[in-house]
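**Q** Please find one structure pasted underneath; my questions will follow.
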Protein chains: 2
Amino acid sequence: MKSLKAFAPATIANFNVGYDILGLSLNNIGDEIEFVPNGTDQNKITQILNGPGLPLEADKNCCSVVVRRMQEALNHFEGVDLKIIKGFNSGSGLGSSSASSAAAAFGYNELIGRPFSNRELVFFAAEGERVACGSAHTDNVAPSILGGIILSIGGSAEDLLELPVPENLYAISLFPKIKIKTADSRKILRDEVALNKVTKQVAYMGAFVQSLHTNDMNLFSRSLQDLIIEPSRSLLIPKFQEMRKAVMGSGGLAFGISGSGPSVFAIAEGEVSSKQVLKALENVYKSEEMSIQTYVNQLAAKSGARLIK
Amino acid sequence: MKSLKAFAPATIANFNVGYDILGLSLNNIGDEIEFVPNGTDQNKITQILNGPGLPLEADKNCCSVVVRRMQEALNHFEGVDLKIIKGFNSGSGLGSSSASSAAAAFGYNELIGRPFSNRELVFFAAEGERVACGSAHTDNVAPSILGGIILSIGGSAEDLLELPVPENLYAISLFPKIKIKTADSRKILRDEVALNKVTKQVAYMGAFVQSLHTNDMNLFSRSLQDLIIEPSRSLLIPKFQEMRKAVMGSGGLAFGISGSGPSVFAIAEGEVSSKQVLKALENVYKSEEMSIQTYVNQLAAKSGARLIK
């Protein structure tokens with residue numbers, strides 16, 4: 001067994017129309033993990049770069065837990081030393097624990113000769129989410145491993161639906177450096193939804209999938225509405241409505257909360273438009289004493305976890 | 001202006017995943033209307049065949065109301081005598097008032113030289129629904145006019161989405177001759193839906209649209225689930241669960257309530273399978289003293305309103 005290095009991208013989950021079920025890959029931002037076989041049956045976190053506060057204990061770190069679950073499933077324990085290089089902030093809402101968990105699952109699978117399919121890896125990576133966030137949700141780890149836009153309709157490999165990715169779409173993400181805990185942003189949600197809102201939200205999901213298959217960007221934009229989660233969660237994000245206006249007023253196709261926030265995202269068509277939207281978004285926080293970080297990523301179908309040098 | 005005769009098909013609305021927004025055309029069952037210009041500015045219902053209890057008054061009959069709304073929109077009043085030939089039972093849940101309203105809109109538009117597009121006609125036909133059922137919903141009249149499977153996401157022409165229709169699918173409908181009023185079947189619904197059910201229902205709609213575009217009949221079958229409406233409304237339909245078992249146990253792909261019932265429908269792939277499903281469905285009521293009527297229709301995209309001889 002040779003050492004290797006794997007990368008898995010950041011992701012936008014809870015993508016407008018699909019709370020808990022729809023996510024997309026951000027392709028070029030993400031986490032790296034170096035795997036070095038250590039000749040024992042134990043896994044060890046040797047280093048975490050750019051991840052202050054993340055646990056080094058093997059039974060608490062999401063990466064080593066993912067590797068352990070894979071070893072248990074195979075009943076074969078090839079211990080590894082893991083060096084984790086975080087590529088973006090945890091707590092941003094861009095799927096930080098998922099990118100690490102996905103890279104762990106993908107890299108270890110490569111190291112031991114690919115006993116699992118990429119779809120199977122999603123459910124191992126979800127075990128990392130369970131450690132990091134308390135529930136084994138797949139809406140971040142699925143696009144982080146498989147790339148593109150993934151609709152998760154259930155808990156088996158065939159339930160991960162790869163939706164078409166229109167060409168020339170860009171995701172513009174903005175992370176305002178405030179803290180929102182996933183648990184808090186869950187608490188703010190109502191347990192019940194009015195039937196007339198449900199009907200509309202169901203319609204928008206159908207329209208969204210239709211827009212991807214027909215490459216209808218007008219429909220794409222009209223369908224990307226979140227009537228259920230955003231009205232509550234947006235209250236936790238400073239200047240959310242101003243940002244929405246800025247994005248939609250500068251040619252953006254969609255705007256919403258990434259994951260459980262505080263990051264927000266916009267979708268724009270073409271590089272020129274994506275730069276205008278980025279500028280408009282940054283302008284909203286210009287006069288504020290708030291540290292922000294922005295990213296621009298072209299969407300792509302084949303943009304999941306991969307080996308790197 | 002010459003006399004003419006128009007036909008518009010029965011429809012299944014509230015199609016599993018899409019309460020109030022998703023409907024499909026049943027192609028070969030439906031209502032006919034004969035239009036005879038009468039040289040006045042008034043419309044008149046001269047006869048209704050097979051429609052006991054339906055109103056003959058021009059301001060109460062859905063057909064003449066639809067024609068009137070079109071005349072008002074054009075501010076041009078070419079009066080017609082209407083003879084309505086009902087092809088299936090009203091109160092069945094198969095879109096009886098919609099088929100009449102759709103035939104009225106389509107036929108009158110043809111008579112006066114097609115000033116309106118078919119999509120515009122949907123909203124005139126919806127005015128017939130307002131008279132007959134109290135609300136101008138489009139989920140029956142849209143597929144009755146346009147044919148195929150229609151997702152209605154809003155109140156304008158561009159909001160009527162024509163979904164792909166897989167080849168070789170059959171709808172098997174069964175109408176048990178009991179009375180359920182639309183108003184009662186609305187009353188039985190809960191006003192609020194638990195968030196975890198909403199999430200799943202939204203996912204199933206996305207998966208359904210994906211299945212149509214990828215012609216994935218396994219996914220089609222898995223996605224056609226109604227977690228929101230069916231649990232309540234199925235209580236009003238005798239032997240509903242037995243019918244579901246019979247359909248799914250005999251190779252059916254889906255089963256559900258048509259409109260607000262009491263009719264139920266099954267979807268099957270291929271003629272042989274559709275006959276097996278029909279037989280299994282009919283068997284459920286065999287020992288009951290219940291009059292039933294069944295229909296089998298192949299689904300087709302171009303199966304909306306049309307002129308006939």
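Identifiers in the structure tokens: chain A, B, ... in order shown; residue index from 1 per chain; ligand index from 1 in order shown.
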Could you build a table of the residues in chain A lying no more than 8 Å from chain B, giving for each the nearest pair of atoms and their separation in Å rounded to one decimal place, using only C-alpha atoms, ordered by chain and ascending residue number, as CSV?

**A**
residue,atom,partner,partner_atom,distance
A:Gly18,CA,B:Val202,CA,6.9
A:Tyr19,CA,B:Thr199,CA,6.4
A:Asp20,CA,B:Thr199,CA,7.0
A:Ile21,CA,B:Ala203,CA,6.7
A:Leu151,CA,B:Ala203,CA,7.3
A:Ser152,CA,B:Ala203,CA,7.3
A:Ile153,CA,B:Ala203,CA,5.5
A:Leu161,CA,B:Ala207,CA,7.5
A:Leu163,CA,B:Gln210,CA,7.5
A:Arg190,CA,B:Leu195,CA,7.6
A:Asp191,CA,B:Leu195,CA,5.4
A:Glu192,CA,B:Ala194,CA,4.4
A:Val193,CA,B:Val193,CA,5.1
A:Ala194,CA,B:Glu192,CA,4.4
A:Leu195,CA,B:Glu192,CA,5.2
A:Val198,CA,B:Val198,CA,6.5
A:Thr199,CA,B:Tyr19,CA,6.4
A:Lys200,CA,B:Ile153,CA,7.0
A:Gln201,CA,B:Val202,CA,6.9
A:Val202,CA,B:Val202,CA,4.6
A:Ala203,CA,B:Ile153,CA,5.5
A:Tyr204,CA,B:Ile153,CA,6.8
A:Met205,CA,B:Gly206,CA,5.4
A:Gly206,CA,B:Gly206,CA,4.9
A:Ala207,CA,B:Ile153,CA,7.4
A:Phe208,CA,B:Gly206,CA,7.8
A:Val209,CA,B:Gly206,CA,5.9
A:Gln210,CA,B:Val209,CA,6.5
A:His213,CA,B:His213,CA,7.1

**Q** Counting only C-alpha atoms, what is within 7 Å of region 96-99 of chain B, bar same-chain residues fewer than 6 positions away, as a PyMOL selection string?

**A** chain B and resi 8-10+30-31+89-90+129+132+140-141+144

**Q** Keeping only all heavy atoms, take the residues you just selected and write them out as a JSON list (two decimals), in the first residue's frame.

**A**
[["chain", "number", "residue", "atom", "x", "y", "z"],
["B", 8, "ALA", "N", -62.81, 16.73, -25.28],
["B", 8, "ALA", "CA", -61.68, 16.89, -24.34],
["B", 8, "ALA", "C", -61.70, 15.72, -23.36],
["B", 8, "ALA", "O", -62.78, 15.28, -22.93],
["B", 8, "ALA", "CB", -61.75, 18.22, -23.61],
["B", 9, "PRO", "N", -60.52, 15.21, -23.03],
["B", 9, "PRO", "CA", -60.44, 13.97, -22.25],
["B", 9, "PRO", "C", -60.62, 14.13, -20.74],
["B", 9, "PRO", "O", -60.41, 15.20, -20.18],
["B", 9, "PRO", "CB", -59.02, 13.47, -22.55],
["B", 9, "PRO", "CG", -58.24, 14.69, -22.84],
["B", 9, "PRO", "CD", -59.20, 15.66, -23.50],
["B", 10, "ALA", "N", -60.97, 13.01, -20.15],
["B", 10, "ALA", "CA", -60.92, 12.87, -18.69],
["B", 10, "ALA", "C", -59.46, 12.99, -18.24],
["B", 10, "ALA", "O", -58.54, 12.85, -19.05],
["B", 10, "ALA", "CB", -61.49, 11.51, -18.29],
["B", 30, "GLY", "N", -63.90, 10.95, -22.43],
["B", 30, "GLY", "CA", -64.05, 12.38, -22.27],
["B", 30, "GLY", "C", -65.40, 12.88, -22.72],
["B", 30, "GLY", "O", -66.31, 12.08, -22.98],
["B", 31, "ASP", "N", -65.54, 14.20, -22.77],
["B", 31, "ASP", "CA", -66.81, 14.82, -23.13],
["B", 31, "ASP", "C", -66.73, 15.45, -24.52],
["B", 31, "ASP", "O", -65.68, 15.91, -24.95],
["B", 31, "ASP", "CB", -67.16, 15.92, -22.10],
["B", 31, "ASP", "CG", -67.48, 15.33, -20.73],
["B", 31, "ASP", "OD1", -67.56, 14.09, -20.62],
["B", 31, "ASP", "OD2", -67.64, 16.12, -19.78],
["B", 89, "ASN", "N", -68.97, 9.62, -15.85],
["B", 89, "ASN", "CA", -69.78, 10.15, -14.75],
["B", 89, "ASN", "C", -69.20, 11.40, -14.11],
["B", 89, "ASN", "O", -67.99, 11.48, -13.87],
["B", 89, "ASN", "CB", -69.87, 9.10, -13.63],
["B", 89, "ASN", "CG", -70.77, 7.96, -14.03],
["B", 89, "ASN", "OD1", -70.41, 7.17, -14.90],
["B", 89, "ASN", "ND2", -71.94, 7.88, -13.42],
["B", 90, "SER", "N", -70.07, 12.33, -13.80],
["B", 90, "SER", "CA", -69.61, 13.44, -12.98],
["B", 90, "SER", "C", -69.55, 12.95, -11.53],
["B", 90, "SER", "O", -70.23, 11.99, -11.16],
["B", 90, "SER", "CB", -70.52, 14.66, -13.13],
["B", 90, "SER", "OG", -71.77, 14.41, -12.55],
["B", 129, "GLU", "N", -64.15, 25.50, -13.98],
["B", 129, "GLU", "CA", -63.92, 24.80, -12.71],
["B", 129, "GLU", "C", -64.39, 25.64, -11.52],
["B", 129, "GLU", "O", -64.90, 25.12, -10.54],
["B", 129, "GLU", "CB", -62.42, 24.51, -12.53],
["B", 129, "GLU", "CG", -61.85, 23.53, -13.52],
["B", 129, "GLU", "CD", -62.32, 22.12, -13.25],
["B", 129, "GLU", "OE1", -63.52, 21.86, -13.44],
["B", 129, "GLU", "OE2", -61.48, 21.28, -12.89],
["B", 132, "ALA", "N", -68.06, 25.13, -11.36],
["B", 132, "ALA", "CA", -68.48, 23.76, -11.01],
["B", 132, "ALA", "C", -68.00, 23.34, -9.62],
["B", 132, "ALA", "O", -68.70, 22.62, -8.91],
["B", 132, "ALA", "CB", -67.95, 22.78, -12.06],
["B", 140, "ASN", "N", -56.63, 19.74, -13.59],
["B", 140, "ASN", "CA", -57.38, 18.89, -14.53],
["B", 140, "ASN", "C", -57.44, 19.51, -15.93],
["B", 140, "ASN", "O", -57.21, 18.83, -16.92],
["B", 140, "ASN", "CB", -58.82, 18.66, -14.05],
["B", 140, "ASN", "CG", -58.94, 17.70, -12.87],
["B", 140, "ASN", "OD1", -59.19, 18.12, -11.75],
["B", 140, "ASN", "ND2", -58.75, 16.42, -13.13],
["B", 141, "VAL", "N", -57.81, 20.79, -16.00],
["B", 141, "VAL", "CA", -58.05, 21.37, -17.33],
["B", 141, "VAL", "C", -56.76, 21.49, -18.14],
["B", 141, "VAL", "O", -56.79, 21.40, -19.37],
["B", 141, "VAL", "CB", -58.77, 22.75, -17.26],
["B", 141, "VAL", "CG1", -60.22, 22.56, -16.85],
["B", 141, "VAL", "CG2", -58.06, 23.72, -16.33],
["B", 144, "SER", "N", -56.21, 18.24, -19.81],
["B", 144, "SER", "CA", -57.35, 17.98, -20.69],
["B", 144, "SER", "C", -57.20, 18.77, -21.99],
["B", 144, "SER", "O", -57.57, 18.30, -23.06],
["B", 144, "SER", "CB", -58.67, 18.32, -19.99],
["B", 144, "SER", "OG", -59.77, 17.89, -20.77]]

**Q** How would chain B read as a short mmCIF file (atom, residue, chain, number, x, y, z; two decimals) with C-alpha atoms, in the first residue's frame after a least-squares superposition onto chain A over every Cα atom, matched in order?

**A**
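Output (result.cif):
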data_model
loop_
_atom_site.label_atom_id
_atom_site.label_comp_id
_atom_site.auth_asym_id
_atom_site.auth_seq_id
_atom_site.Cartn_x
_atom_site.Cartn_y
_atom_site.Cartn_z
CA MET B 1 -0.06 -0.03 -0.03
CA LYS B 2 1.31 3.33 -1.12
CA SER B 3 0.61 6.67 0.50
CA LEU B 4 -1.79 8.92 -1.35
CA LYS B 5 -3.59 12.25 -1.15
CA ALA B 6 -7.31 12.80 -1.77
CA PHE B 7 -9.37 15.94 -2.24
CA ALA B 8 -13.10 16.43 -1.78
CA PRO B 9 -14.98 19.65 -2.52
CA ALA B 10 -17.08 22.01 -0.48
CA THR B 11 -20.81 21.78 -1.18
CA ILE B 12 -24.02 23.75 -1.01
CA ALA B 13 -26.70 21.66 0.69
CA ASN B 14 -30.35 22.54 1.35
CA PHE B 15 -30.16 24.02 -2.14
CA ASN B 16 -33.28 26.31 -2.25
CA VAL B 17 -35.95 23.84 -3.34
CA GLY B 18 -34.56 20.79 -1.55
CA TYR B 19 -34.16 21.11 2.18
CA ASP B 20 -32.11 18.14 3.47
CA ILE B 21 -32.13 16.41 0.05
CA LEU B 22 -30.46 18.55 -2.62
CA GLY B 23 -26.81 19.55 -2.81
CA LEU B 24 -24.18 20.57 -5.30
CA SER B 25 -20.42 20.42 -5.51
CA LEU B 26 -18.27 23.56 -5.45
CA ASN B 27 -15.52 21.75 -7.33
CA ASN B 28 -12.39 23.77 -6.54
CA ILE B 29 -12.61 24.58 -2.85
CA GLY B 30 -12.32 21.70 -0.44
CA ASP B 31 -10.27 19.61 1.94
CA GLU B 32 -7.24 17.40 1.35
CA ILE B 33 -6.20 14.32 3.25
CA GLU B 34 -2.86 12.54 3.09
CA PHE B 35 -3.04 8.82 3.84
CA VAL B 36 0.08 7.02 5.07
CA PRO B 37 -0.29 3.31 5.94
CA ASN B 38 1.15 2.83 9.42
CA GLY B 39 1.41 -0.97 9.56
CA THR B 40 -0.88 -1.25 12.61
CA ASP B 41 -4.60 -1.89 12.89
CA GLN B 42 -5.19 1.59 14.31
CA ASN B 43 -5.84 4.92 12.58
CA LYS B 44 -4.24 8.11 13.76
CA ILE B 45 -4.77 11.81 13.03
CA THR B 46 -1.20 13.11 12.80
CA GLN B 47 -1.97 16.72 11.89
CA ILE B 48 -4.81 19.09 11.06
CA LEU B 49 -3.83 22.20 9.11
CA ASN B 50 -6.15 25.25 9.17
CA GLY B 51 -8.69 23.51 11.40
CA PRO B 52 -8.37 25.02 14.86
CA GLY B 53 -10.49 23.22 17.42
CA LEU B 54 -11.08 20.07 15.36
CA PRO B 55 -10.52 16.87 17.35
CA LEU B 56 -7.34 14.83 16.92
CA GLU B 57 -8.73 11.79 18.75
CA ALA B 58 -9.38 8.97 16.27
CA ASP B 59 -12.81 8.16 17.71
CA LYS B 60 -13.97 11.79 17.54
CA ASN B 61 -12.55 13.05 14.26
CA CYS B 62 -14.97 12.52 11.39
CA CYS B 63 -12.22 11.37 8.99
CA SER B 64 -10.85 8.59 11.16
CA VAL B 65 -14.38 7.52 12.09
CA VAL B 66 -15.24 7.16 8.38
CA VAL B 67 -12.11 5.06 7.81
CA ARG B 68 -12.95 2.93 10.84
CA ARG B 69 -16.49 2.26 9.57
CA MET B 70 -15.08 1.11 6.23
CA GLN B 71 -12.62 -1.18 7.99
CA GLU B 72 -15.40 -2.61 10.13
CA ALA B 73 -17.57 -3.24 7.08
CA LEU B 74 -14.73 -5.18 5.45
CA ASN B 75 -13.59 -6.68 8.76
CA HIS B 76 -10.07 -5.81 7.63
CA PHE B 77 -8.01 -3.22 9.46
CA GLU B 78 -5.23 -1.53 7.49
CA GLY B 79 -4.32 1.33 9.84
CA VAL B 80 -3.47 4.74 8.40
CA ASP B 81 -1.96 8.00 9.56
CA LEU B 82 -4.12 10.90 8.35
CA LYS B 83 -2.96 14.43 7.73
CA ILE B 84 -5.93 16.72 7.15
CA ILE B 85 -5.55 20.00 5.28
CA LYS B 86 -8.68 22.12 5.61
CA GLY B 87 -9.31 24.33 2.58
CA PHE B 88 -12.10 26.47 3.99
CA ASN B 89 -13.66 27.38 7.31
CA SER B 90 -15.61 24.96 9.40
CA GLY B 91 -18.94 26.38 10.55
CA SER B 92 -19.33 28.20 7.25
CA GLY B 93 -22.30 26.24 5.96
CA LEU B 94 -20.31 25.09 2.94
CA GLY B 95 -19.97 21.50 4.11
CA SER B 96 -16.69 21.52 5.96
CA SER B 97 -17.11 18.27 7.87
CA SER B 98 -18.57 16.68 4.73
CA ALA B 99 -15.59 17.59 2.58
CA SER B 100 -13.28 15.98 5.14
CA SER B 101 -15.52 12.93 5.53
CA ALA B 102 -15.85 12.56 1.75
CA ALA B 103 -12.09 12.86 1.20
CA ALA B 104 -11.55 10.27 3.94
CA ALA B 105 -13.96 7.77 2.38
CA PHE B 106 -12.72 8.33 -1.17
CA GLY B 107 -9.02 8.26 -0.29
CA TYR B 108 -9.16 5.17 1.91
CA ASN B 109 -11.15 3.30 -0.73
CA GLU B 110 -8.46 4.09 -3.30
CA LEU B 111 -5.74 3.04 -0.88
CA ILE B 112 -7.19 -0.43 -0.36
CA GLY B 113 -8.09 -1.15 -4.01
CA ARG B 114 -11.63 0.23 -4.35
CA PRO B 115 -13.76 -2.41 -2.67
CA PHE B 116 -16.65 0.09 -2.58
CA SER B 117 -18.45 2.00 -5.34
CA ASN B 118 -18.54 5.78 -5.07
CA ARG B 119 -22.22 5.59 -4.21
CA GLU B 120 -21.50 3.22 -1.35
CA LEU B 121 -18.84 5.62 -0.11
CA VAL B 122 -21.51 8.29 0.37
CA PHE B 123 -23.01 6.32 3.23
CA PHE B 124 -19.66 5.78 4.93
CA ALA B 125 -18.93 9.51 4.60
CA ALA B 126 -22.37 10.17 6.14
CA GLU B 127 -21.07 8.41 9.27
CA GLY B 128 -18.53 11.23 9.51
CA GLU B 129 -21.44 13.66 9.44
CA ARG B 130 -23.03 11.77 12.29
CA VAL B 131 -19.91 12.34 14.42
CA ALA B 132 -19.50 15.98 13.39
CA CYS B 133 -23.14 17.15 13.29
CA GLY B 134 -25.23 14.50 15.02
CA SER B 135 -27.02 13.06 12.01
CA ALA B 136 -25.89 10.97 9.05
CA HIS B 137 -27.34 13.22 6.36
CA THR B 138 -26.14 12.73 2.79
CA ASP B 139 -27.02 16.02 1.10
CA ASN B 140 -23.46 17.38 1.49
CA VAL B 141 -21.38 14.20 1.24
CA ALA B 142 -23.23 12.89 -1.84
CA PRO B 143 -22.25 15.82 -4.11
CA SER B 144 -18.82 16.01 -2.44
CA ILE B 145 -18.09 12.43 -3.53
CA LEU B 146 -20.12 12.17 -6.75
CA GLY B 147 -19.83 15.77 -7.96
CA GLY B 148 -22.50 17.82 -9.70
CA ILE B 149 -26.04 18.22 -8.40
CA ILE B 150 -27.36 15.31 -6.34
CA LEU B 151 -30.91 14.68 -5.16
CA SER B 152 -30.99 12.19 -2.25
CA ILE B 153 -34.38 10.53 -1.95
CA GLY B 154 -33.49 7.82 0.54
CA GLY B 155 -30.84 5.76 2.23
CA SER B 156 -29.60 3.42 -0.48
CA ALA B 157 -27.15 3.77 -3.37
CA GLU B 158 -29.93 3.89 -5.96
CA ASP B 159 -31.55 6.76 -4.05
CA LEU B 160 -28.77 9.18 -5.01
CA LEU B 161 -29.98 10.82 -8.21
CA GLU B 162 -27.45 12.61 -10.38
CA LEU B 163 -29.27 15.54 -11.96
CA PRO B 164 -28.05 17.17 -15.16
CA VAL B 165 -25.68 20.12 -14.65
CA PRO B 166 -26.29 22.96 -17.12
CA GLU B 167 -23.15 24.31 -18.75
CA ASN B 168 -21.83 27.71 -17.90
CA LEU B 169 -23.39 28.12 -14.46
CA TYR B 170 -21.39 29.63 -11.62
CA ALA B 171 -21.97 29.45 -7.88
CA ILE B 172 -20.92 32.56 -6.00
CA SER B 173 -20.63 31.91 -2.27
CA LEU B 174 -20.21 34.44 0.48
CA PHE B 175 -19.27 33.46 4.02
CA PRO B 176 -19.89 36.21 6.58
CA LYS B 177 -17.69 35.31 9.52
CA ILE B 178 -20.33 35.00 12.19
CA LYS B 179 -21.18 31.85 14.14
CA ILE B 180 -24.42 29.97 13.64
CA LYS B 181 -24.54 26.50 15.14
CA THR B 182 -26.30 23.85 13.06
CA ALA B 183 -28.30 22.93 16.13
CA ASP B 184 -29.54 26.52 16.54
CA SER B 185 -30.43 26.83 12.90
CA ARG B 186 -32.46 23.62 13.24
CA LYS B 187 -34.23 24.96 16.31
CA ILE B 188 -35.49 28.03 14.48
CA LEU B 189 -37.42 25.86 12.01
CA ARG B 190 -41.12 25.15 12.43
CA ASP B 191 -42.10 21.50 12.73
CA GLU B 192 -45.15 21.90 10.53
CA VAL B 193 -45.71 23.56 7.18
CA ALA B 194 -48.97 24.98 5.80
CA LEU B 195 -50.41 22.74 3.08
CA ASN B 196 -50.59 25.51 0.46
CA LYS B 197 -46.86 26.17 0.92
CA VAL B 198 -46.11 22.46 0.65
CA THR B 199 -47.98 22.30 -2.65
CA LYS B 200 -45.93 25.16 -4.08
CA GLN B 201 -42.64 23.82 -2.79
CA VAL B 202 -43.32 20.40 -4.33
CA ALA B 203 -44.15 22.15 -7.62
CA TYR B 204 -40.90 24.13 -7.55
CA MET B 205 -38.83 20.98 -7.08
CA GLY B 206 -40.53 19.39 -10.08
CA ALA B 207 -39.96 22.54 -12.10
CA PHE B 208 -36.31 22.70 -11.04
CA VAL B 209 -35.59 19.17 -12.26
CA GLN B 210 -37.49 19.93 -15.47
CA SER B 211 -35.39 23.08 -15.98
CA LEU B 212 -32.14 21.10 -15.69
CA HIS B 213 -33.27 18.56 -18.29
CA THR B 214 -34.56 21.18 -20.72
CA ASN B 215 -31.75 23.67 -20.01
CA ASP B 216 -34.39 26.33 -19.40
CA MET B 217 -32.62 28.99 -17.34
CA ASN B 218 -35.72 31.13 -17.00
CA LEU B 219 -37.55 28.21 -15.40
CA PHE B 220 -34.42 27.37 -13.36
CA SER B 221 -34.52 30.86 -11.89
CA ARG B 222 -38.28 30.90 -11.29
CA SER B 223 -38.24 27.49 -9.62
CA LEU B 224 -35.36 28.08 -7.20
CA GLN B 225 -37.49 29.30 -4.34
CA ASP B 226 -37.50 28.17 -0.74
CA LEU B 227 -40.83 28.89 0.94
CA ILE B 228 -40.22 26.65 3.91
CA ILE B 229 -36.78 27.07 5.46
CA GLU B 230 -35.46 30.41 4.26
CA PRO B 231 -38.14 32.61 5.86
CA SER B 232 -36.95 31.46 9.31
CA ARG B 233 -33.24 30.91 8.82
CA SER B 234 -32.62 34.09 6.87
CA LEU B 235 -33.38 35.98 10.09
CA LEU B 236 -30.06 34.70 11.49
CA ILE B 237 -28.03 36.14 8.59
CA PRO B 238 -27.29 39.89 8.61
CA LYS B 239 -28.47 41.80 5.52
CA PHE B 240 -29.93 38.68 3.91
CA GLN B 241 -32.72 40.50 2.06
CA GLU B 242 -30.33 43.21 0.87
CA MET B 243 -28.07 40.50 -0.52
CA ARG B 244 -31.01 38.86 -2.30
CA LYS B 245 -31.94 42.17 -3.91
CA ALA B 246 -28.34 42.81 -4.92
CA VAL B 247 -28.03 39.36 -6.53
CA MET B 248 -31.33 39.37 -8.38
CA GLY B 249 -30.84 43.00 -9.40
CA SER B 250 -27.44 42.29 -10.94
CA GLY B 251 -28.50 39.41 -13.17
CA GLY B 252 -28.27 36.48 -10.76
CA LEU B 253 -30.53 33.47 -11.37
CA ALA B 254 -30.93 32.37 -7.77
CA PHE B 255 -30.00 33.23 -4.22
CA GLY B 256 -30.24 31.32 -0.98
CA ILE B 257 -28.70 30.00 2.22
CA SER B 258 -25.95 27.42 1.92
CA GLY B 259 -26.54 24.50 4.26
CA SER B 260 -27.66 25.91 7.58
CA GLY B 261 -25.74 29.15 6.95
CA PRO B 262 -24.29 31.63 7.60
CA SER B 263 -22.89 31.34 4.05
CA VAL B 264 -25.17 32.40 1.24
CA PHE B 265 -24.88 31.57 -2.43
CA ALA B 266 -25.94 32.99 -5.75
CA ILE B 267 -26.11 31.25 -9.11
CA ALA B 268 -25.25 33.15 -12.27
CA GLU B 269 -24.93 32.22 -15.94
CA GLY B 270 -21.58 32.93 -17.55
CA GLU B 271 -18.33 34.35 -16.20
CA VAL B 272 -19.21 38.00 -16.82
CA SER B 273 -22.50 37.74 -14.98
CA SER B 274 -20.90 35.83 -12.12
CA LYS B 275 -18.40 38.66 -11.61
CA GLN B 276 -21.19 41.24 -11.55
CA VAL B 277 -23.11 39.21 -9.00
CA LEU B 278 -19.99 38.76 -6.87
CA LYS B 279 -19.38 42.49 -6.88
CA ALA B 280 -22.99 43.27 -5.99
CA LEU B 281 -22.85 40.78 -3.11
CA GLU B 282 -19.59 42.13 -1.74
CA ASN B 283 -20.95 45.68 -1.93
CA VAL B 284 -23.70 44.83 0.54
CA TYR B 285 -21.19 44.24 3.33
CA LYS B 286 -18.80 46.99 2.24
CA SER B 287 -19.79 49.49 4.91
CA GLU B 288 -20.05 46.82 7.63
CA GLU B 289 -17.32 45.85 10.04
CA MET B 290 -17.71 42.23 9.06
CA SER B 291 -15.04 39.92 7.76
CA ILE B 292 -16.25 37.98 4.71
CA GLN B 293 -14.83 35.39 2.37
CA THR B 294 -16.11 34.82 -1.16
CA TYR B 295 -15.68 32.03 -3.70
CA VAL B 296 -16.67 31.63 -7.33
CA ASN B 297 -16.96 28.12 -8.81
CA GLN B 298 -18.18 26.93 -12.16
CA LEU B 299 -20.61 24.05 -11.72
CA ALA B 300 -19.57 20.76 -13.28
CA ALA B 301 -20.93 17.22 -13.30
CA LYS B 302 -17.58 15.49 -12.74
CA SER B 303 -16.48 17.55 -9.81
CA GLY B 304 -16.49 15.18 -6.87
CA ALA B 305 -13.76 13.61 -4.74
CA ARG B 306 -10.49 12.82 -6.52
CA LEU B 307 -6.85 11.88 -6.00
CA ILE B 308 -4.35 14.74 -6.14
CA LYS B 309 -0.55 15.01 -6.22
#

**Q** Report as number ranges by chain: the residues of region 127-292 of chain A with a DSSP assignment of strand (DSSP E), based on the backbone of this structure.

**A** A: 149-152, 160-163, 169-176, 192-194, 254-257, 264-269, 292

**Q** Go through region 30-279 of chain A and collect every residue that DSSP, computed from the backbone, puts in alpha helix (DSSP H); the answer should be as JSON, numbers by chain.

**A** {"A": [62, 63, 64, 65, 66, 67, 68, 69, 70, 71, 72, 73, 74, 96, 97, 98, 99, 100, 101, 102, 103, 104, 105, 106, 107, 108, 109, 110, 111, 118, 119, 120, 121, 122, 123, 124, 125, 126, 127, 128, 129, 130, 131, 132, 133, 141, 142, 143, 144, 145, 146, 182, 183, 184, 185, 186, 187, 195, 196, 197, 198, 199, 200, 201, 202, 203, 204, 205, 206, 207, 208, 209, 210, 211, 212, 213, 214, 217, 218, 219, 220, 221, 222, 223, 230, 231, 232, 233, 240, 241, 242, 243, 244, 245, 246, 247, 248, 249, 271, 272, 273, 274, 275, 276, 277, 278, 279]}
